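Structure data (mmCIF, C-alpha atoms) from target33.cif:
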```cif
data_my_file
loop_
_atom_site.label_atom_id
_atom_site.label_comp_id
_atom_site.auth_asym_id
_atom_site.auth_seq_id
_atom_site.Cartn_x
_atom_site.Cartn_y
_atom_site.Cartn_z
CA MET W 1 5.73 8.12 18.86
CA ASP W 2 2.28 8.25 20.41
CA PHE W 3 -0.06 5.48 21.53
CA PHE W 4 -3.75 4.60 21.64
CA ASP W 5 -5.88 1.55 22.33
CA GLY W 6 -6.96 -0.49 19.34
CA ALA W 7 -10.40 -1.95 18.86
CA ASP W 8 -9.71 -4.77 21.35
CA GLY W 9 -7.50 -2.82 23.73
CA THR W 10 -4.18 -3.69 22.07
CA ARG W 11 -1.74 -0.79 22.56
CA LEU W 12 -0.94 0.65 19.15
CA ALA W 13 1.63 3.21 18.04
CA TYR W 14 1.42 6.05 15.57
CA HIS W 15 3.86 8.71 14.41
CA ARG W 16 3.05 12.33 13.61
CA GLY W 17 5.10 14.68 11.47
CA GLY W 18 4.60 17.64 9.17
CA ALA W 19 2.22 20.57 8.96
CA GLY W 20 -1.29 21.00 7.66
CA SER W 21 -4.45 18.94 7.81
CA PRO W 22 -3.92 15.38 9.07
CA LEU W 23 -3.54 12.46 6.69
CA ILE W 24 -3.67 8.99 8.23
CA CYS W 25 -1.24 6.64 6.49
CA VAL W 26 -1.55 2.85 6.42
CA PRO W 27 1.58 0.89 5.43
CA GLY W 28 1.73 -2.15 3.16
CA GLY W 29 3.87 -5.25 3.16
CA PRO W 30 1.59 -6.68 4.26
CA MET W 31 2.34 -6.08 7.93
CA VAL W 32 5.44 -3.89 7.64
CA ALA W 33 6.10 -1.15 10.20
CA SER W 34 5.25 2.29 8.86
CA SER W 35 8.74 3.78 9.13
CA TYR W 36 9.61 2.73 5.56
CA LEU W 37 7.13 5.34 4.29
CA GLY W 38 9.30 8.14 5.66
CA ASP W 39 7.71 11.49 4.84
CA LEU W 40 6.31 10.17 1.56
CA GLY W 41 8.61 12.20 -0.62
CA GLY W 42 8.07 15.48 1.21
CA LEU W 43 4.29 15.20 1.50
CA SER W 44 4.75 16.23 5.14
CA ALA W 45 5.36 19.78 3.92
CA HIS W 46 1.70 19.89 2.89
CA HIS W 47 -0.02 17.68 5.48
CA GLU W 48 0.53 16.31 8.94
CA LEU W 49 1.25 12.66 8.29
CA VAL W 50 -0.12 10.26 10.90
CA ARG W 51 1.64 6.94 10.23
CA LEU W 52 -0.02 3.95 11.89
CA ASP W 53 2.04 0.97 13.01
CA LEU W 54 -0.36 -1.91 12.50
CA ARG W 55 -0.64 -4.27 15.46
CA GLY W 56 2.41 -6.47 15.83
CA THR W 57 4.65 -4.09 13.86
CA GLY W 58 6.91 -1.19 14.80
CA GLY W 59 6.00 0.23 18.19
CA SER W 60 2.62 -1.53 18.38
CA GLU W 61 1.93 -4.48 20.65
CA GLU W 62 1.19 -7.96 19.41
CA PRO W 63 -2.45 -8.86 20.02
CA ARG W 64 -3.63 -11.76 22.13
CA ASP W 65 -5.69 -13.07 19.21
CA PRO W 66 -3.68 -13.62 15.97
CA ALA W 67 -6.96 -13.51 14.02
CA THR W 68 -6.98 -9.75 14.56
CA TYR W 69 -4.10 -9.48 12.07
CA ARG W 70 -6.71 -9.91 9.34
CA CYS W 71 -7.10 -6.79 7.22
CA ASP W 72 -10.83 -6.62 7.89
CA ARG W 73 -10.12 -6.53 11.62
CA LEU W 74 -7.33 -3.96 11.18
CA ALA W 75 -9.87 -1.56 9.71
CA ASP W 76 -11.35 -1.39 13.21
CA ASP W 77 -8.02 -0.02 14.47
CA VAL W 78 -8.19 2.82 11.95
CA GLU W 79 -11.59 3.77 13.38
CA ALA W 80 -10.15 3.61 16.90
CA LEU W 81 -7.35 5.95 15.79
CA ARG W 82 -9.87 8.40 14.30
CA GLU W 83 -11.77 8.47 17.57
CA HIS W 84 -8.54 8.90 19.53
CA LEU W 85 -7.55 11.89 17.39
CA GLY W 86 -11.00 13.43 17.80
CA LEU W 87 -11.59 13.79 14.06
CA ASP W 88 -15.10 13.74 12.60
CA ARG W 89 -13.78 12.69 9.18
CA ILE W 90 -10.39 11.50 7.99
CA ASP W 91 -8.40 11.61 4.80
CA LEU W 92 -6.74 8.24 4.41
CA LEU W 93 -3.66 7.15 2.42
CA ALA W 94 -2.61 3.53 2.04
CA HIS W 95 0.29 1.89 0.24
CA SER W 96 0.30 -1.49 -1.49
CA ALA W 97 -1.34 -4.17 0.71
CA GLY W 98 -2.47 -1.43 3.10
CA ALA W 99 -5.13 -0.59 0.52
CA ALA W 100 -7.13 -3.57 1.78
CA VAL W 101 -7.45 -1.95 5.20
CA ALA W 102 -8.24 1.46 3.71
CA VAL W 103 -10.88 0.20 1.29
CA LEU W 104 -12.61 -1.87 3.95
CA TYR W 105 -12.53 1.07 6.34
CA ALA W 106 -13.99 3.44 3.75
CA THR W 107 -16.86 1.12 2.90
CA ARG W 108 -17.71 0.46 6.54
CA HIS W 109 -17.45 4.07 7.70
CA ARG W 110 -18.77 6.04 4.75
CA ASP W 111 -19.64 9.08 6.86
CA ARG W 112 -16.17 9.16 8.41
CA ILE W 113 -14.06 9.05 5.24
CA GLY W 114 -13.10 12.25 3.48
CA ARG W 115 -10.72 11.50 0.62
CA LEU W 116 -8.92 8.25 -0.12
CA VAL W 117 -5.45 7.93 -1.66
CA LEU W 118 -4.36 4.46 -2.78
CA VAL W 119 -0.65 4.38 -3.59
CA ASN W 120 0.25 1.43 -5.83
CA PRO W 121 -2.51 -0.59 -4.15
CA SER W 122 -2.79 -4.34 -4.15
CA PRO W 123 -6.08 -5.19 -5.89
CA ARG W 124 -6.49 -8.43 -3.96
CA VAL W 125 -9.20 -7.02 -1.68
CA VAL W 126 -11.49 -6.55 -4.70
CA GLY W 127 -10.45 -9.72 -6.52
CA LEU W 128 -9.00 -7.89 -9.52
CA GLU W 129 -6.59 -10.21 -11.33
CA VAL W 130 -3.18 -9.12 -12.59
CA THR W 131 -2.10 -11.74 -15.12
CA ASP W 132 1.36 -12.98 -15.98
CA ALA W 133 0.89 -11.36 -19.38
CA ASP W 134 0.21 -8.02 -17.69
CA ARG W 135 3.40 -8.30 -15.67
CA ARG W 136 5.45 -9.51 -18.64
CA GLU W 137 4.38 -6.51 -20.72
CA VAL W 138 5.52 -4.07 -18.05
CA ALA W 139 8.68 -6.01 -17.20
CA ARG W 140 9.86 -5.87 -20.81
CA LEU W 141 9.91 -2.08 -20.64
CA ARG W 142 13.06 -2.49 -18.52
CA HIS W 143 15.00 -4.41 -21.19
CA ALA W 144 17.83 -1.84 -21.29
CA GLU W 145 18.61 -2.15 -17.56
CA PRO W 146 21.86 -4.01 -16.75
CA TRP W 147 20.08 -6.32 -14.30
CA PHE W 148 17.29 -7.19 -16.76
CA PRO W 149 18.56 -10.50 -18.25
CA THR W 150 19.02 -12.19 -14.87
CA ALA W 151 15.83 -10.75 -13.38
CA PHE W 152 13.65 -11.53 -16.41
CA THR W 153 14.91 -15.12 -16.54
CA ALA W 154 13.95 -15.48 -12.88
CA PHE W 155 10.54 -13.99 -13.63
CA GLU W 156 10.01 -16.50 -16.42
CA ARG W 157 10.63 -19.32 -13.94
CA VAL W 158 8.13 -17.73 -11.53
CA TRP W 159 5.49 -17.54 -14.26
CA ALA W 160 6.17 -21.15 -15.24
CA GLY W 161 5.74 -22.33 -11.65
CA GLU W 162 9.37 -23.45 -11.53
CA ALA W 163 10.82 -20.77 -9.26
CA VAL W 164 13.54 -21.52 -6.75
CA ALA W 165 14.10 -19.47 -3.61
CA ALA W 166 16.73 -17.24 -5.21
CA ASP W 167 14.36 -16.20 -8.01
CA TRP W 168 12.15 -14.18 -5.67
CA ALA W 169 15.09 -12.00 -4.68
CA ALA W 170 16.27 -11.79 -8.29
CA ILE W 171 13.02 -10.16 -9.49
CA THR W 172 13.07 -7.45 -6.81
CA PRO W 173 14.50 -4.80 -9.19
CA PHE W 174 11.24 -4.89 -11.13
CA MET W 175 9.53 -3.32 -8.10
CA SER W 176 11.58 -0.15 -8.36
CA GLY W 177 11.66 2.54 -10.99
CA ARG W 178 15.31 3.12 -10.15
CA TRP W 179 17.18 0.08 -8.86
CA ASP W 180 19.88 1.97 -6.99
CA ASP W 181 21.39 1.85 -3.51
CA THR W 182 18.39 3.63 -1.99
CA ALA W 183 15.96 1.12 -3.49
CA ARG W 184 18.10 -1.80 -2.34
CA GLU W 185 18.25 -0.41 1.18
CA GLN W 186 14.48 0.05 1.29
CA ALA W 187 13.82 -3.49 0.05
CA ALA W 188 16.08 -4.84 2.79
CA GLU W 189 14.46 -2.58 5.39
CA GLN W 190 10.97 -3.78 4.53
CA ASP W 191 12.11 -7.37 4.94
CA ARG W 192 13.44 -6.52 8.41
CA LEU W 193 10.29 -4.66 9.44
CA ARG W 194 7.77 -7.29 8.28
CA ASN W 195 5.83 -9.44 10.73
CA ASP W 196 5.80 -12.65 8.68
CA GLU W 197 3.40 -14.53 10.94
CA ALA W 198 0.88 -11.71 10.79
CA ALA W 199 1.24 -11.46 7.02
CA LYS W 200 0.15 -15.10 6.66
CA VAL W 201 -3.37 -14.33 7.92
CA TYR W 202 -3.68 -10.76 6.63
CA TYR W 203 -6.06 -11.58 3.76
CA ASP W 204 -7.95 -14.38 5.52
CA GLY W 205 -11.71 -13.93 5.38
CA VAL W 206 -11.69 -11.23 2.69
CA ASP W 207 -14.87 -11.30 0.61
CA ALA W 208 -13.74 -9.68 -2.62
CA ALA W 209 -17.19 -9.77 -4.21
CA ALA W 210 -18.70 -7.98 -1.22
CA ALA W 211 -15.90 -5.38 -1.27
CA ARG W 212 -16.49 -4.67 -4.97
CA THR W 213 -20.19 -4.20 -4.36
CA ALA W 214 -19.57 -1.94 -1.38
CA ILE W 215 -17.17 0.43 -3.14
CA GLY W 216 -19.71 0.86 -5.90
CA GLY W 217 -21.72 2.94 -3.44
CA LEU W 218 -18.80 4.95 -2.03
CA ARG W 219 -19.24 8.72 -2.31
CA ALA W 220 -15.67 9.62 -1.38
CA ARG W 221 -13.24 10.91 -3.99
CA VAL W 222 -10.40 8.48 -4.66
CA LEU W 223 -6.93 9.00 -6.12
CA LEU W 224 -5.16 5.87 -7.30
CA ILE W 225 -1.41 6.21 -7.85
CA ALA W 226 0.22 3.77 -10.28
CA GLY W 227 3.74 3.42 -11.62
CA GLU W 228 4.57 3.09 -15.29
CA TYR W 229 6.95 0.24 -14.41
CA ASP W 230 5.04 -1.31 -11.50
CA VAL W 231 4.65 -5.05 -12.14
CA ALA W 232 2.48 -5.40 -9.01
CA LEU W 233 -0.27 -3.18 -10.45
CA PRO W 234 0.41 -2.22 -14.09
CA PRO W 235 -1.28 0.99 -15.26
CA LYS W 236 -3.89 -0.89 -17.32
CA ARG W 237 -5.07 -2.82 -14.29
CA ALA W 238 -4.86 0.34 -12.14
CA ALA W 239 -7.41 1.90 -14.49
CA ASP W 240 -9.64 -1.15 -14.02
CA TYR W 241 -9.33 -0.84 -10.24
CA ALA W 242 -10.20 2.86 -10.32
CA GLY W 243 -13.19 2.06 -12.50
CA LEU W 244 -14.78 0.16 -9.62
CA PHE W 245 -15.21 3.42 -7.68
CA PRO W 246 -17.86 6.00 -8.58
CA HIS W 247 -15.46 8.94 -8.12
CA ALA W 248 -11.87 7.89 -8.79
CA GLU W 249 -8.98 9.17 -10.84
CA VAL W 250 -5.66 7.58 -11.77
CA ALA W 251 -2.26 9.27 -11.77
CA VAL W 252 0.55 7.29 -13.41
CA GLN W 253 4.08 8.18 -12.34
CA PRO W 254 6.40 8.20 -15.36
CA ALA W 255 9.15 5.58 -14.96
CA GLY W 256 7.79 4.85 -11.49
CA GLY W 257 7.83 1.56 -9.66
CA HIS W 258 6.07 0.35 -6.54
CA SER W 259 7.46 3.01 -4.16
CA PRO W 260 6.86 6.37 -5.86
CA TRP W 261 8.38 8.46 -3.05
CA LEU W 262 11.74 6.91 -3.98
CA ASP W 263 11.48 7.21 -7.77
CA ASP W 264 10.28 10.82 -7.95
CA PRO W 265 9.43 12.24 -4.53
CA ALA W 266 8.47 15.70 -5.80
CA TRP W 267 6.00 14.18 -8.27
CA LEU W 268 4.31 12.18 -5.52
CA ALA W 269 4.11 15.05 -3.05
CA THR W 270 2.75 17.43 -5.68
CA THR W 271 0.23 14.94 -7.08
CA VAL W 272 -1.19 13.89 -3.72
CA SER W 273 -1.28 17.37 -2.19
CA ALA W 274 -3.07 18.75 -5.28
CA PHE W 275 -5.71 16.04 -4.93
CA LEU W 276 -6.20 16.59 -1.20
CA ASN W 277 -6.32 20.36 -1.46
#
```

Output the file's structure as structure tokens, nothing else.
Amino acid sequence: MDFFDGADGTRLAYHRGGAGSPLICVPGGPMVASSYLGDLGGLSAHHELVRLDLRGTGGSEEPRDPATYRCDRLADDVEALREHLGLDRIDLLAHSAGAAVAVLYATRHRDRIGRLVLVNPSPRVVGLEVTDADRREVARLRHAEPWFPTAFTAFERVWAGEAVAADWAAITPFMSGRWDDTAREQAAEQDRLRNDEAAKVYYDGVDAAAARTAIGGLRARVLLIAGEYDVALPPKRAADYAGLFPHAEVAVQPAGGHSPWLDDPAWLATTVSAFLN
């Protein structure tokens, strides 16, 4: 674990591992420590992964001002990390909610961004809607799974606005392409690693219309990873998201969920390294 000063002097942690050109990695959650990303399915064999612990998570300090947990403010920490590493340009990977930080960084620092990899990104930063019908269509692909009846019934209550607390846990299997012991352990780990108070303000102040306009002028090449089974960003909506960028491509992981390094690590490592190289 190494440290640097964030945009406002908050002491932030990052973790380096692997060989090759550096790839800065922003975790999702929102506001989950970066350790859950591991080596991204073996991607560290192709690139040096630089995993950032966002302020208030993992080894990073909590800031004096809770408003700096906002994703637009966290983009400033990515720039501080770039300066600390002495890199003229950075390749940037972000997972899930971390895409908000990555997209805002790329649009603010166009001359500093090389290539951008969005892994199962949340589209909230650009105001792209994923409807209940979108999620239902993908969820029904899992009808043969033993957990499906209970989970789908819980999902129906969520869509109807009648969910109880237990329903949110019951639908968790839909986030994984393979709901096995490894997926269960990761879901529990992310819950432990999340800074819930920081997550509450993460999206505050986001101007989705401005973000959409800004990415329309982005020159950087973008790879958007989607999962065939991902109810958070179904492949159809992933294509819509990619269409907002001038130079973007979509790669859909067969039978993949929201964490592709768990469902088919070799596929993820090969797909991302081919794009970056």

* Excluding same-chain residues fewer than 4 positions from range 233-248 of chain W, what lies within 8 Å of it counting all atoms listed in the file, as an NGL selection string? -> :W and (120-123 or 128 or 130 or 134-135 or 138 or 212 or 215-224 or 226-229 or 252)

Requested write-out: C-alpha atoms of the selected residues, as a PDB file, in the coordinates of the input:
```pdb
ATOM      1  CA  ASN W 120       0.250   1.430  -5.830  1.00  0.00           C
ATOM      2  CA  PRO W 121      -2.510  -0.590  -4.150  1.00  0.00           C
ATOM      3  CA  SER W 122      -2.790  -4.340  -4.150  1.00  0.00           C
ATOM      4  CA  PRO W 123      -6.080  -5.190  -5.890  1.00  0.00           C
ATOM      5  CA  LEU W 128      -9.000  -7.890  -9.520  1.00  0.00           C
ATOM      6  CA  VAL W 130      -3.180  -9.120 -12.590  1.00  0.00           C
ATOM      7  CA  ASP W 134       0.210  -8.020 -17.690  1.00  0.00           C
ATOM      8  CA  ARG W 135       3.400  -8.300 -15.670  1.00  0.00           C
ATOM      9  CA  VAL W 138       5.520  -4.070 -18.050  1.00  0.00           C
ATOM     10  CA  ARG W 212     -16.490  -4.670  -4.970  1.00  0.00           C
ATOM     11  CA  ILE W 215     -17.170   0.430  -3.140  1.00  0.00           C
ATOM     12  CA  GLY W 216     -19.710   0.860  -5.900  1.00  0.00           C
ATOM     13  CA  GLY W 217     -21.720   2.940  -3.440  1.00  0.00           C
ATOM     14  CA  LEU W 218     -18.800   4.950  -2.030  1.00  0.00           C
ATOM     15  CA  ARG W 219     -19.240   8.720  -2.310  1.00  0.00           C
ATOM     16  CA  ALA W 220     -15.670   9.620  -1.380  1.00  0.00           C
ATOM     17  CA  ARG W 221     -13.240  10.910  -3.990  1.00  0.00           C
ATOM     18  CA  VAL W 222     -10.400   8.480  -4.660  1.00  0.00           C
ATOM     19  CA  LEU W 223      -6.930   9.000  -6.120  1.00  0.00           C
ATOM     20  CA  LEU W 224      -5.160   5.870  -7.300  1.00  0.00           C
ATOM     21  CA  ALA W 226       0.220   3.770 -10.280  1.00  0.00           C
ATOM     22  CA  GLY W 227       3.740   3.420 -11.620  1.00  0.00           C
ATOM     23  CA  GLU W 228       4.570   3.090 -15.290  1.00  0.00           C
ATOM     24  CA  TYR W 229       6.950   0.240 -14.410  1.00  0.00           C
ATOM     25  CA  VAL W 252       0.550   7.290 -13.410  1.00  0.00           C
TER      26      VAL W 252
END
```

* Take the point (11.8, 11.5, -8.1) in the file's coordinates, draw a sphere of radius 12 Å around it, and report as a list in words every protein, DNA or RNA residue with an atom inside or on it, counting all atoms listed in the file. => Leu40, Gly41, Gly42, Ser176, Gly177, Arg178, Thr182, Gly227, Gln253, Pro254, Ala255, Gly256, Gly257, Ser259, Pro260, Trp261, Leu262, Asp263, Asp264, Pro265, Ala266, Trp267, Leu268, Ala269 and Thr270 of chain W

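Using all atoms listed in the file, the smallest distance between any of W:Asp207, W:Arg192, W:Val119, W:Ile90 and Val250 in chain W comes from W:Val119.
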
* To do: Might you pull out every residue within 8 Å of Cys71 in chain W, with all atoms listed in the file counted and same-chain residues fewer than 6 positions away left off, and present them as a ChimeraX atom specification?
  => /W:100-101,202-204,206

* If you count all atoms listed in the file, which residues fall within 12 Å of Ser44 in chain W, apart from same-chain ones fewer than 5 positions away, as a ChimeraX atom specification? -> /W:15-25,37-39,49-51,261,265-266,268-270,272-273

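Distance-wise, CA of Ala198 in chain W and CA of Asp91 in chain W end up 25.8 Å apart.
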
* To do: To one decimal in Å, tell me the separation between CA of Ala7 in chain W and CA of Pro27 in chain W.
  =>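 That distance, rounded to one decimal, is 18.2 Å.
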
* Hits of the PyMOL selection byres ((chain W and resi 190) around 8) in this structure, as a PyMOL selection string -> chain W and resi 29+32-33+36+186-189+191-194

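Pairwise distance (CA of Val125 in chain W, CA of Gly6 in chain W) equals 22.1 Å.
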
* To do: Write out as a PyMOL selection string the residues lying within 9 Å of Val201 in chain W, counting all atoms listed in the file and excluding same-chain residues fewer than 5 positions away.
  => chain W and resi 66-71

Evaluate the PyMOL selection byres ((chain W and resi 63) around 10) here and jot the selected residues down as a PDB file with C-alpha atoms, in the frame of the given file.
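selection10.pdb, freshly written:
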```pdb
ATOM      1  CA  GLY W   6      -6.960  -0.490  19.340  1.00  0.00           C
ATOM      2  CA  ASP W   8      -9.710  -4.770  21.350  1.00  0.00           C
ATOM      3  CA  GLY W   9      -7.500  -2.820  23.730  1.00  0.00           C
ATOM      4  CA  THR W  10      -4.180  -3.690  22.070  1.00  0.00           C
ATOM      5  CA  ARG W  11      -1.740  -0.790  22.560  1.00  0.00           C
ATOM      6  CA  LEU W  12      -0.940   0.650  19.150  1.00  0.00           C
ATOM      7  CA  ARG W  55      -0.640  -4.270  15.460  1.00  0.00           C
ATOM      8  CA  GLY W  56       2.410  -6.470  15.830  1.00  0.00           C
ATOM      9  CA  SER W  60       2.620  -1.530  18.380  1.00  0.00           C
ATOM     10  CA  GLU W  61       1.930  -4.480  20.650  1.00  0.00           C
ATOM     11  CA  GLU W  62       1.190  -7.960  19.410  1.00  0.00           C
ATOM     12  CA  ARG W  64      -3.630 -11.760  22.130  1.00  0.00           C
ATOM     13  CA  ASP W  65      -5.690 -13.070  19.210  1.00  0.00           C
ATOM     14  CA  PRO W  66      -3.680 -13.620  15.970  1.00  0.00           C
ATOM     15  CA  ALA W  67      -6.960 -13.510  14.020  1.00  0.00           C
ATOM     16  CA  THR W  68      -6.980  -9.750  14.560  1.00  0.00           C
ATOM     17  CA  TYR W  69      -4.100  -9.480  12.070  1.00  0.00           C
TER      18      TYR W  69
END
```
